[in-house]
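Participant: Structure file model-v5.csv, CSV, C-alpha atoms, is pasted below:
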chain,number,residue,atom,x,y,z
A,1,MET,CA,8.1,5.4,17.2
A,2,LEU,CA,9.5,5.0,13.8
A,3,GLN,CA,13.2,4.3,13.8
A,4,ASP,CA,15.8,6.7,12.4
A,5,SER,CA,17.1,3.9,10.1
A,6,TYR,CA,16.2,0.4,9.0
A,7,GLU,CA,18.4,-2.4,7.4
A,8,THR,CA,16.3,-3.0,4.3
A,9,ILE,CA,14.1,0.1,3.8
A,10,THR,CA,14.6,3.9,3.9
A,11,LEU,CA,12.1,6.5,5.1
A,12,GLU,CA,11.9,10.0,3.7
A,13,TRP,CA,9.5,12.7,4.8
A,14,ARG,CA,8.1,15.1,2.2
A,15,ASP,CA,6.9,17.9,4.3
A,16,ALA,CA,5.2,17.0,7.6
A,17,HIS,CA,2.5,14.8,6.2
A,18,VAL,CA,3.8,12.5,3.4
A,19,LEU,CA,6.1,9.6,4.2
A,20,ILE,CA,8.0,7.8,1.4
A,21,VAL,CA,8.9,4.2,2.3
A,22,THR,CA,11.5,2.7,-0.2
A,23,LEU,CA,12.4,-0.9,-0.4
A,24,ASP,CA,16.2,-0.7,-0.4
A,25,ARG,CA,17.8,-3.9,-1.6
A,26,ALA,CA,18.4,-2.9,-5.2
A,27,ASP,CA,21.3,-5.4,-5.6
A,28,VAL,CA,18.8,-8.2,-5.3
A,29,SER,CA,15.8,-6.6,-7.0
A,30,ASN,CA,14.5,-5.4,-3.6
A,31,ALA,CA,13.7,-9.0,-2.7
A,32,MET,CA,12.0,-9.6,0.6
A,33,ASN,CA,14.1,-11.3,3.2
A,34,THR,CA,13.1,-11.9,6.8
A,35,GLN,CA,14.5,-8.5,7.9
A,36,MET,CA,12.5,-6.6,5.3
A,37,GLY,CA,9.4,-8.3,6.6
A,38,TYR,CA,10.2,-7.1,10.1
A,39,ASP,CA,11.1,-3.6,8.9
A,40,LEU,CA,7.9,-3.1,7.0
A,41,MET,CA,5.8,-4.6,9.7
A,42,HIS,CA,7.4,-2.2,12.2
A,43,VAL,CA,6.7,0.8,10.0
A,44,PHE,CA,3.1,0.1,9.3
A,45,GLU,CA,2.2,-1.2,12.7
A,46,THR,CA,3.8,2.0,14.2
A,47,LEU,CA,1.8,4.2,11.8
A,48,ALA,CA,-1.4,2.5,12.8
A,49,LEU,CA,-0.7,3.3,16.5
A,50,ASP,CA,0.9,6.7,16.0
A,51,PRO,CA,1.0,8.3,12.5
A,52,GLN,CA,3.6,10.9,13.8
A,53,GLY,CA,2.0,13.5,11.5
A,54,ALA,CA,1.8,11.3,8.5
A,55,ARG,CA,-1.4,11.5,6.5
A,56,ALA,CA,-0.4,9.5,3.4
A,57,VAL,CA,2.3,7.0,2.6
A,58,VAL,CA,4.1,6.3,-0.7
A,59,LEU,CA,5.7,2.9,-1.1
A,60,THR,CA,8.3,2.3,-3.8
A,61,GLY,CA,11.5,0.4,-4.7
A,62,ARG,CA,15.1,1.5,-5.1
A,63,GLY,CA,16.5,1.6,-8.6
A,64,GLU,CA,15.0,1.1,-12.0
A,65,LYS,CA,15.0,-2.7,-12.2
A,66,ALA,CA,12.4,-3.7,-9.6
A,67,PHE,CA,9.8,-2.6,-7.2
A,68,CYS,CA,10.2,-5.9,-5.4
A,69,GLY,CA,11.1,-9.2,-7.0
A,70,GLY,CA,9.3,-11.3,-4.3
A,71,GLY,CA,10.8,-13.5,-1.6
A,72,ASP,CA,14.6,-13.8,-1.4
A,73,LEU,CA,15.0,-17.3,-2.7
A,74,LYS,CA,18.7,-17.3,-1.9
A,75,GLN,CA,17.9,-16.8,1.8
A,76,ARG,CA,15.2,-19.5,1.5
A,77,ARG,CA,17.6,-22.0,0.0
A,78,GLY,CA,18.1,-24.8,2.5
A,79,MET,CA,15.5,-23.6,5.0
A,80,SER,CA,13.8,-26.3,7.0
A,81,ASP,CA,10.0,-26.5,6.8
A,82,ASP,CA,9.9,-24.9,10.3
A,83,GLU,CA,12.2,-22.1,9.3
A,84,TRP,CA,10.2,-21.4,6.1
A,85,GLY,CA,6.9,-21.4,8.1
A,86,ALA,CA,8.4,-19.0,10.7
A,87,GLN,CA,9.6,-16.6,8.1
A,88,HIS,CA,6.2,-16.7,6.3
A,89,LEU,CA,4.4,-15.8,9.6
A,90,VAL,CA,6.5,-12.6,9.5
A,91,PHE,CA,5.4,-11.9,6.0
A,92,GLU,CA,1.8,-12.5,6.8
A,93,ARG,CA,1.9,-10.1,9.7
A,94,MET,CA,3.7,-7.5,7.6
A,95,LEU,CA,1.0,-7.8,4.8
A,96,ARG,CA,-1.8,-7.4,7.3
A,97,ALA,CA,-0.1,-4.3,8.8
A,98,LEU,CA,0.1,-2.8,5.3
A,99,LEU,CA,-3.3,-3.9,4.2
A,100,PHE,CA,-5.1,-2.6,7.3
A,101,CYS,CA,-3.0,0.6,7.7
A,102,PRO,CA,-5.5,3.4,8.4
A,103,LEU,CA,-3.5,5.8,6.3
A,104,PRO,CA,-3.8,5.9,2.5
A,105,VAL,CA,-0.9,3.9,1.0
A,106,LEU,CA,0.0,4.6,-2.6
A,107,ALA,CA,2.3,2.2,-4.5
A,108,SER,CA,4.8,3.7,-6.9
A,109,VAL,CA,5.8,0.7,-8.9
A,110,ASN,CA,9.1,1.6,-10.6
A,111,GLY,CA,9.9,-1.9,-12.1
A,112,ALA,CA,9.1,-5.6,-11.7
A,113,ALA,CA,6.6,-6.5,-9.0
A,114,PHE,CA,6.7,-10.3,-8.9
A,115,ALA,CA,5.3,-12.8,-6.4
A,116,GLY,CA,5.4,-11.2,-3.0
A,117,GLY,CA,6.2,-7.9,-4.6
A,118,CYS,CA,3.0,-8.0,-6.6
A,119,GLU,CA,1.2,-8.9,-3.4
A,120,ILE,CA,2.6,-5.9,-1.6
A,121,ALA,CA,1.5,-3.6,-4.5
A,122,ALA,CA,-2.0,-5.2,-4.4
A,123,ALA,CA,-2.3,-4.5,-0.7
A,124,CYS,CA,-1.8,-0.8,-1.3
A,125,ASP,CA,-4.8,1.5,-1.8
A,126,PHE,CA,-3.9,2.2,-5.4
A,127,ILE,CA,-1.1,1.9,-7.8
A,128,TYR,CA,0.8,4.2,-10.1
A,129,ALA,CA,3.3,2.3,-12.4
A,130,ALA,CA,6.1,3.1,-14.8
A,131,PRO,CA,5.5,1.9,-18.4
A,132,GLN,CA,8.3,-0.7,-17.8
A,133,ALA,CA,6.7,-2.2,-14.8
A,134,ARG,CA,5.7,-5.8,-14.9
A,135,PHE,CA,3.6,-7.8,-12.5
A,136,ALA,CA,3.2,-11.5,-11.8
A,137,LEU,CA,2.2,-14.1,-9.2
A,138,THR,CA,4.7,-16.8,-10.0
A,139,GLU,CA,4.4,-18.9,-6.9
A,140,VAL,CA,2.9,-22.0,-8.6
A,141,THR,CA,6.1,-22.3,-10.8
A,142,LEU,CA,8.0,-22.8,-7.5
A,143,GLY,CA,5.8,-25.4,-5.9
A,144,ILE,CA,4.0,-23.0,-3.6
A,145,MET,CA,1.1,-20.6,-4.1
A,146,PRO,CA,0.4,-16.9,-3.3
A,147,GLY,CA,0.3,-16.7,0.5
A,148,ALA,CA,0.4,-13.0,1.2
A,149,GLY,CA,-3.0,-11.9,-0.1
A,150,GLY,CA,-2.5,-12.6,-3.8
A,151,THR,CA,-5.4,-15.0,-4.2
A,152,GLN,CA,-7.7,-12.5,-2.4
A,153,ASN,CA,-6.6,-9.1,-3.5
A,154,LEU,CA,-6.0,-9.8,-7.2
A,155,PRO,CA,-9.5,-11.3,-7.9
A,156,ARG,CA,-11.0,-8.4,-6.0
A,157,ALA,CA,-9.1,-6.0,-8.3
A,158,ILE,CA,-9.4,-7.6,-11.7
A,159,GLY,CA,-12.1,-10.2,-11.4
A,160,GLU,CA,-12.1,-13.9,-10.6
A,161,ARG,CA,-11.6,-15.5,-14.0
A,162,ARG,CA,-8.7,-13.3,-15.1
A,163,ALA,CA,-7.1,-13.7,-11.7
A,164,LYS,CA,-7.4,-17.5,-11.9
A,165,GLU,CA,-5.7,-17.4,-15.3
A,166,LEU,CA,-2.8,-15.3,-14.1
A,167,ILE,CA,-2.3,-17.2,-10.8
A,168,LEU,CA,-2.6,-20.7,-12.2
A,169,THR,CA,-0.3,-19.9,-15.2
A,170,GLY,CA,2.1,-17.7,-13.2
A,171,ARG,CA,2.5,-15.6,-16.4
A,172,PRO,CA,3.7,-11.9,-16.1
A,173,PHE,CA,1.4,-9.1,-17.2
A,174,SER,CA,2.4,-5.6,-18.4
A,175,ALA,CA,1.6,-2.2,-16.9
A,176,GLU,CA,-0.7,-1.6,-19.8
A,177,GLU,CA,-2.6,-4.8,-19.1
A,178,ALA,CA,-2.7,-3.9,-15.4
A,179,LEU,CA,-4.2,-0.5,-16.3
A,180,ASP,CA,-6.8,-2.0,-18.7
A,181,TRP,CA,-7.9,-4.5,-16.0
A,182,GLY,CA,-8.1,-1.9,-13.2
A,183,PHE,CA,-5.2,-3.2,-11.2
A,184,VAL,CA,-3.1,0.0,-11.9
A,185,ASN,CA,-4.7,3.4,-11.6
A,186,ARG,CA,-2.2,5.3,-13.8
A,187,ILE,CA,0.9,4.8,-15.9
A,188,VAL,CA,3.5,7.5,-15.5
A,189,GLU,CA,6.9,7.8,-17.1
A,190,ARG,CA,9.5,6.4,-14.8
A,191,ASP,CA,11.4,9.7,-14.4
A,192,ASP,CA,8.3,11.4,-13.2
A,193,LEU,CA,6.7,8.5,-11.4
A,194,LEU,CA,7.7,9.1,-7.8
A,195,GLU,CA,7.1,12.8,-7.9
A,196,GLU,CA,3.7,12.3,-9.5
A,197,THR,CA,2.8,9.8,-6.8
A,198,VAL,CA,4.0,12.2,-4.1
A,199,ALA,CA,1.9,15.0,-5.6
A,200,VAL,CA,-1.2,12.8,-5.3
A,201,ALA,CA,-0.2,11.9,-1.7
A,202,ARG,CA,0.2,15.5,-0.9
A,203,HIS,CA,-3.3,16.3,-2.3
A,204,ILE,CA,-4.8,13.6,-0.1
A,205,ALA,CA,-2.8,14.8,2.9
A,206,GLY,CA,-4.3,18.3,2.4
A,207,ASN,CA,-7.8,16.9,3.0
A,208,ALA,CA,-9.2,16.3,6.5
A,209,PRO,CA,-7.2,13.3,7.9
A,210,LEU,CA,-10.1,11.9,9.9
A,211,SER,CA,-12.4,12.0,6.9
A,212,VAL,CA,-9.8,10.3,4.7
A,213,ARG,CA,-9.3,7.5,7.3
A,214,GLN,CA,-13.0,7.0,7.8
A,215,ALA,CA,-13.7,6.9,4.1
A,216,LYS,CA,-10.9,4.4,3.5
A,217,GLN,CA,-12.3,2.2,6.2
A,218,SER,CA,-15.8,2.5,5.0
A,219,ILE,CA,-14.8,1.4,1.4
A,220,ALA,CA,-12.7,-1.5,2.6
A,221,ARG,CA,-15.2,-2.9,5.2
A,222,GLY,CA,-18.3,-2.1,3.1
A,223,LEU,CA,-17.1,-4.2,0.2
A,224,GLN,CA,-17.1,-7.2,2.4
A,225,MET,CA,-20.8,-6.6,3.4
A,226,SER,CA,-24.2,-6.6,1.8
A,227,LEU,CA,-25.2,-3.3,0.4
A,228,ALA,CA,-27.6,-2.7,3.3
A,229,ASP,CA,-24.9,-3.5,5.9
A,230,GLY,CA,-22.4,-1.4,4.0
A,231,LEU,CA,-24.7,1.6,4.0
A,232,ALA,CA,-25.2,1.2,7.8
A,233,PHE,CA,-21.5,1.0,8.3
A,234,GLU,CA,-21.0,4.1,6.1
A,235,ILE,CA,-23.4,6.2,8.2
A,236,GLU,CA,-21.7,5.1,11.4
A,237,ALA,CA,-18.4,6.2,10.0
A,238,TYR,CA,-20.0,9.5,8.8
A,239,ASN,CA,-21.5,10.2,12.1
A,240,ARG,CA,-18.2,10.0,13.9
A,241,LEU,CA,-17.1,13.0,11.9
A,242,VAL,CA,-19.9,15.3,12.7
A,243,SER,CA,-18.6,16.4,16.1
A,244,THR,CA,-15.0,16.9,14.9
A,245,LYS,CA,-13.1,20.2,14.9
A,246,ASP,CA,-12.1,19.5,11.3
A,247,ARG,CA,-15.7,19.3,10.2
A,248,ARG,CA,-16.4,22.7,11.7
A,249,GLU,CA,-13.2,24.1,10.2
A,250,GLY,CA,-14.1,22.8,6.7
A,251,VAL,CA,-17.5,24.4,6.7
A,252,LEU,CA,-16.1,27.7,8.1
A,253,ALA,CA,-13.3,27.8,5.6
A,254,TYR,CA,-15.7,27.2,2.7
A,255,ASN,CA,-17.8,30.1,3.8
A,256,GLU,CA,-14.8,32.4,4.4
A,257,LYS,CA,-13.5,31.5,1.0
A,258,ARG,CA,-10.1,30.2,2.3
A,259,ARG,CA,-8.2,26.9,2.5
A,260,PRO,CA,-9.1,24.9,5.6
A,261,VAL,CA,-6.4,24.1,8.1
A,262,PHE,CA,-7.2,20.6,9.3
A,263,GLU,CA,-5.7,19.3,12.5
A,264,GLY,CA,-7.0,15.7,12.6
A,265,ARG,CA,-9.3,16.5,15.5
Any chance you could put this one into structure tokens?

Facilitator:
Amino acid sequence: MLQDSYETITLEWRDAHVLIVTLDRADVSNAMNTQMGYDLMHVFETLALDPQGARAVVLTGRGEKAFCGGGDLKQRRGMSDDEWGAQHLVFERMLRALLFCPLPVLASVNGAAFAGGCEIAAACDFIYAAPQARFALTEVTLGIMPGAGGTQNLPRAIGERRAKELILTGRPFSAEEALDWGFVNRIVERDDLLEETVAVARHIAGNAPLSVRQAKQSIARGLQMSLADGLAFEIEAYNRLVSTKDRREGVLAYNEKRRPVFEGR
């Protein structure tokens, strides 16, 4: 079960089906410490096992300054190699829980998304950003490299050559550049950003939840396959929906000229 409260994030339900997850360390640019890794890991692993009614998730940051400024370097100062590695294992598991969450996850990037923050955004299904948002994978300027999906998700989103330039220089890029390159889906004024993202999440949540989950999985898995194998995977995912109650409800509602009532069954 999801907890009632967490140390580093807050949860807010918007009706029964949309969950807002807010990174809540605004005093340090919502930087990731070990506890935030554990908190996010718990939320997304729990949702994979039991969505508790959730059909879409919005992930955002507290305040106007930052979505997430990356790893908390003050916490990391003085860490032994073993302590650093142990913390990073938490971050790796957290990123996998987010990346492979069966529910759609929409990033609402309200400010800077640097290093691990950029990797968190990249692991979401799509991104809406404020005009002031900036992105960067700055790890090479600190003697490390992206280690939470950055070298994999960024090239898949914007292409190999551009991703190499950004990762090897560590230079920031703007929301406008991110939109032009296909990393960001839409730029929305900051005052409207969260509500716009929630509105899209609600629209998704109004569709058949099993269909949404199967379609998300088919896209994600299929992109790692040949076209022939991807088509075979797609039809297997499709066939799992034919016998569902929601499939029958969708067709019936269409013929009765009413909105369908989907139950996820």

Participant: Can you tell me which residues surround range 138-140 of chain A at a distance of at most 12 Å, considering only C-alpha atoms, apart from same-chain residues fewer than 5 positions away, and format the answer as a list in words?

Facilitator: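 So the residues in contact are Gly69, Gly70, Gly71, Leu73, Ala113, Phe114, Ala115, Gly116, Gly117, Cys118, Glu119, Met145, Pro146, Gly147, Ala148, Gly150, Thr151, Lys164, Glu165, Leu166, Ile167, Leu168, Thr169, Gly170, Arg171, Pro172 and Phe173 of chain A.
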
Participant: When you count only C-alpha atoms, which of these residues is closest to Glu160 in chain A: A:Trp181, A:Phe91, A:Asp81, A:Ala175?

Facilitator: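 Distance minimum relative to Glu160 in chain A lands on A:Trp181.
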
Participant: So how far away is CA of Ala66 in chain A from CA of Leu47 in chain A, in Å?

Facilitator: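 According to the coordinates, CA of Leu47 in chain A and CA of Ala66 in chain A are separated by 25.2 Å.
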
Participant: Could you check which of A:Val242, A:Ile219, A:Ile9, A:Leu227 is closest to Arg25 in chain A, using only C-alpha atoms?

Facilitator: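 Closest to Arg25 in chain A of all the choices is A:Ile9.
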
Participant: Env of Leu193 in chain A: 10 Å cut, atoms = only C-alpha atoms, seq-sep filter 2 positions within chain, self excluded. Answer as a ChimeraX atom specification.

Facilitator: /A:60,108-110,128-131,186-191,195-199

Participant: One decimal, in Å: what's the spacing between CA of Val57 in chain A and CA of Val105 in chain A?

Facilitator: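 Spanning CA of Val57 in chain A to CA of Val105 in chain A is a straight-line distance of 4.7 Å.
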
Participant: Which residues are close to Val212 in chain A, i.e. within 10 Å by all atoms listed in the file, leaving aside same-chain residues fewer than 3 positions away? Reply as a PDB file with C-alpha atoms, in the frame of the given file.

Facilitator:
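Resulting contents of around33.pdb:
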ATOM      1  CA  ARG A  55      -1.400  11.500   6.500  1.00  0.00           C
ATOM      2  CA  ALA A  56      -0.400   9.500   3.400  1.00  0.00           C
ATOM      3  CA  PRO A 102      -5.500   3.400   8.400  1.00  0.00           C
ATOM      4  CA  LEU A 103      -3.500   5.800   6.300  1.00  0.00           C
ATOM      5  CA  PRO A 104      -3.800   5.900   2.500  1.00  0.00           C
ATOM      6  CA  ILE A 204      -4.800  13.600  -0.100  1.00  0.00           C
ATOM      7  CA  ALA A 205      -2.800  14.800   2.900  1.00  0.00           C
ATOM      8  CA  GLY A 206      -4.300  18.300   2.400  1.00  0.00           C
ATOM      9  CA  ASN A 207      -7.800  16.900   3.000  1.00  0.00           C
ATOM     10  CA  ALA A 208      -9.200  16.300   6.500  1.00  0.00           C
ATOM     11  CA  PRO A 209      -7.200  13.300   7.900  1.00  0.00           C
ATOM     12  CA  ALA A 215     -13.700   6.900   4.100  1.00  0.00           C
ATOM     13  CA  LYS A 216     -10.900   4.400   3.500  1.00  0.00           C
ATOM     14  CA  GLN A 217     -12.300   2.200   6.200  1.00  0.00           C
ATOM     15  CA  SER A 218     -15.800   2.500   5.000  1.00  0.00           C
ATOM     16  CA  GLY A 264      -7.000  15.700  12.600  1.00  0.00           C
TER      17      GLY A 264
END

Participant: Need to verify the contact set: Phe100 in chain A, 12 Å, only C-alpha atoms, exclusion of same-chain residues closer than 2 positions in sequence. Can you return it as a PyMOL selection string?

Facilitator: chain A and resi 41+44-45+47-49+93-98+102-105+123-125+213+216-217+220-221

Participant: Which residues are close to Asp15 in chain A, i.e. within 10 Å by only C-alpha atoms, leaving aside same-chain residues fewer than 3 positions away? Reply as a list in words.

Facilitator: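 Neighbouring residues, sequence-local ones excluded: Glu12, Val18, Leu19, Gly53, Ala54 and Arg202 of chain A.
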
Participant: Please determine, counting all atoms listed in the file, which residue among A:Gln35, A:Gln75, A:Thr141, A:Asn255 has the shortest atom-to-atom distance to Val90 in chain A.

Facilitator: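 Ranked by minimum distance to Val90 in chain A, first place goes to A:Gln35.
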
Participant: Rounded to one decimal in Å, what is the spacing between CA of Tyr6 in chain A and CA of His42 in chain A?

Facilitator: 9.7 Å

Participant: Quick one: of A:Gly159, A:Gly63, A:Gly222, A:Gly37, who's nearest to Phe183 in chain A, counting only C-alpha atoms?

Facilitator: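 Ranking A:Gly159, A:Gly63, A:Gly222, A:Gly37 by distance to Phe183 in chain A, first place goes to A:Gly159.
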
Participant: Which of these residues is nearest to Leu59 in chain A, using all atoms listed in the file: A:Val28, A:Leu99, A:Leu11, A:Ala107?

Facilitator: A:Ala107

Participant: At the level of N, CA and C atoms, write range 106-139 of chain A to a file as an mmCIF file, in the first residue's frame, please.

Facilitator:
data_model
loop_
_atom_site.group_PDB
_atom_site.id
_atom_site.type_symbol
_atom_site.label_atom_id
_atom_site.label_comp_id
_atom_site.auth_asym_id
_atom_site.auth_seq_id
_atom_site.Cartn_x
_atom_site.Cartn_y
_atom_site.Cartn_z
ATOM 1 N N LEU A 106 3.414 11.039 -16.476
ATOM 2 C CA LEU A 106 3.599 12.291 -17.192
ATOM 3 C C LEU A 106 4.467 13.209 -16.340
ATOM 4 N N ALA A 107 5.586 13.669 -16.890
ATOM 5 C CA ALA A 107 6.435 14.613 -16.172
ATOM 6 C C ALA A 107 5.928 16.030 -16.404
ATOM 7 N N SER A 108 5.780 16.779 -15.320
ATOM 8 C CA SER A 108 5.400 18.193 -15.369
ATOM 9 C C SER A 108 6.608 18.971 -14.853
ATOM 10 N N VAL A 109 7.480 19.378 -15.771
ATOM 11 C CA VAL A 109 8.785 19.920 -15.402
ATOM 12 C C VAL A 109 8.672 21.427 -15.199
ATOM 13 N N ASN A 110 8.660 21.827 -13.946
ATOM 14 C CA ASN A 110 8.384 23.202 -13.558
ATOM 15 C C ASN A 110 9.626 24.087 -13.504
ATOM 16 N N GLY A 111 10.809 23.485 -13.569
ATOM 17 C CA GLY A 111 12.044 24.266 -13.485
ATOM 18 C C GLY A 111 13.214 23.434 -13.946
ATOM 19 N N ALA A 112 14.370 23.643 -13.347
ATOM 20 C CA ALA A 112 15.582 22.953 -13.768
ATOM 21 C C ALA A 112 15.469 21.448 -13.539
ATOM 22 N N ALA A 113 15.880 20.684 -14.536
ATOM 23 C CA ALA A 113 15.959 19.215 -14.439
ATOM 24 C C ALA A 113 17.364 18.833 -14.861
ATOM 25 N N PHE A 114 18.258 18.795 -13.891
ATOM 26 C CA PHE A 114 19.671 18.573 -14.171
ATOM 27 C C PHE A 114 20.099 17.198 -13.678
ATOM 28 N N ALA A 115 21.057 16.611 -14.398
ATOM 29 C CA ALA A 115 21.665 15.343 -13.998
ATOM 30 C C ALA A 115 20.572 14.309 -13.711
ATOM 31 N N GLY A 116 20.523 13.778 -12.487
ATOM 32 C CA GLY A 116 19.510 12.787 -12.156
ATOM 33 C C GLY A 116 18.093 13.288 -12.346
ATOM 34 N N GLY A 117 17.875 14.589 -12.205
ATOM 35 C CA GLY A 117 16.543 15.146 -12.457
ATOM 36 C C GLY A 117 16.150 15.039 -13.911
ATOM 37 N N CYS A 118 17.123 15.254 -14.808
ATOM 38 C CA CYS A 118 16.873 15.076 -16.237
ATOM 39 C C CYS A 118 16.608 13.607 -16.549
ATOM 40 N N GLU A 119 17.327 12.722 -15.849
ATOM 41 C CA GLU A 119 17.122 11.292 -16.070
ATOM 42 C C GLU A 119 15.753 10.844 -15.580
ATOM 43 N N ILE A 120 15.271 11.409 -14.484
ATOM 44 C CA ILE A 120 13.926 11.097 -14.011
ATOM 45 C C ILE A 120 12.894 11.533 -15.045
ATOM 46 N N ALA A 121 13.049 12.755 -15.561
ATOM 47 C CA ALA A 121 12.111 13.236 -16.578
ATOM 48 C C ALA A 121 12.150 12.346 -17.821
ATOM 49 N N ALA A 122 13.353 11.948 -18.230
ATOM 50 C CA ALA A 122 13.506 11.124 -19.433
ATOM 51 C C ALA A 122 12.887 9.749 -19.263
ATOM 52 N N ALA A 123 12.785 9.276 -18.028
ATOM 53 C CA ALA A 123 12.197 7.956 -17.775
ATOM 54 C C ALA A 123 10.676 7.984 -17.792
ATOM 55 N N CYS A 124 10.086 9.183 -17.777
ATOM 56 C CA CYS A 124 8.625 9.281 -17.853
ATOM 57 C C CYS A 124 8.156 9.055 -19.284
ATOM 58 N N ASP A 125 6.862 8.834 -19.441
ATOM 59 C CA ASP A 125 6.339 8.520 -20.778
ATOM 60 C C ASP A 125 6.335 9.728 -21.692
ATOM 61 N N PHE A 126 6.025 10.879 -21.164
ATOM 62 C CA PHE A 126 6.230 12.117 -21.908
ATOM 63 C C PHE A 126 6.300 13.284 -20.955
ATOM 64 N N ILE A 127 6.712 14.442 -21.507
ATOM 65 C CA ILE A 127 7.085 15.583 -20.689
ATOM 66 C C ILE A 127 6.368 16.834 -21.162
ATOM 67 N N TYR A 128 5.753 17.541 -20.226
ATOM 68 C CA TYR A 128 5.309 18.912 -20.435
ATOM 69 C C TYR A 128 6.223 19.792 -19.591
ATOM 70 N N ALA A 129 6.610 20.946 -20.111
ATOM 71 C CA ALA A 129 7.591 21.777 -19.419
ATOM 72 C C ALA A 129 7.187 23.236 -19.425
ATOM 73 N N ALA A 130 7.568 23.942 -18.368
ATOM 74 C CA ALA A 130 7.427 25.389 -18.319
ATOM 75 C C ALA A 130 8.454 26.029 -19.250
ATOM 76 N N PRO A 131 8.171 27.230 -19.760
ATOM 77 C CA PRO A 131 9.158 27.889 -20.627
ATOM 78 C C PRO A 131 10.499 28.092 -19.950
ATOM 79 N N GLN A 132 10.489 28.233 -18.621
ATOM 80 C CA GLN A 132 11.731 28.481 -17.877
ATOM 81 C C GLN A 132 12.523 27.205 -17.603
ATOM 82 N N ALA A 133 11.962 26.065 -17.894
ATOM 83 C CA ALA A 133 12.644 24.794 -17.596
ATOM 84 C C ALA A 133 13.942 24.686 -18.384
ATOM 85 N N ARG A 134 14.930 24.116 -17.740
ATOM 86 C CA ARG A 134 16.200 23.823 -18.405
ATOM 87 C C ARG A 134 16.608 22.398 -18.050
ATOM 88 N N PHE A 135 17.271 21.771 -18.975
ATOM 89 C CA PHE A 135 17.656 20.372 -18.834
ATOM 90 C C PHE A 135 19.164 20.241 -19.029
ATOM 91 N N ALA A 136 19.754 19.261 -18.378
ATOM 92 C CA ALA A 136 21.176 18.990 -18.599
ATOM 93 C C ALA A 136 21.548 17.665 -17.969
ATOM 94 N N LEU A 137 22.508 17.000 -18.592
ATOM 95 C CA LEU A 137 23.183 15.848 -17.998
ATOM 96 C C LEU A 137 24.616 16.299 -17.755
ATOM 97 N N THR A 138 24.876 16.743 -16.534
ATOM 98 C CA THR A 138 26.128 17.430 -16.199
ATOM 99 C C THR A 138 27.175 16.517 -15.558
ATOM 100 N N GLU A 139 26.919 15.215 -15.532
ATOM 101 C CA GLU A 139 27.743 14.316 -14.740
ATOM 102 C C GLU A 139 29.221 14.345 -15.106
#
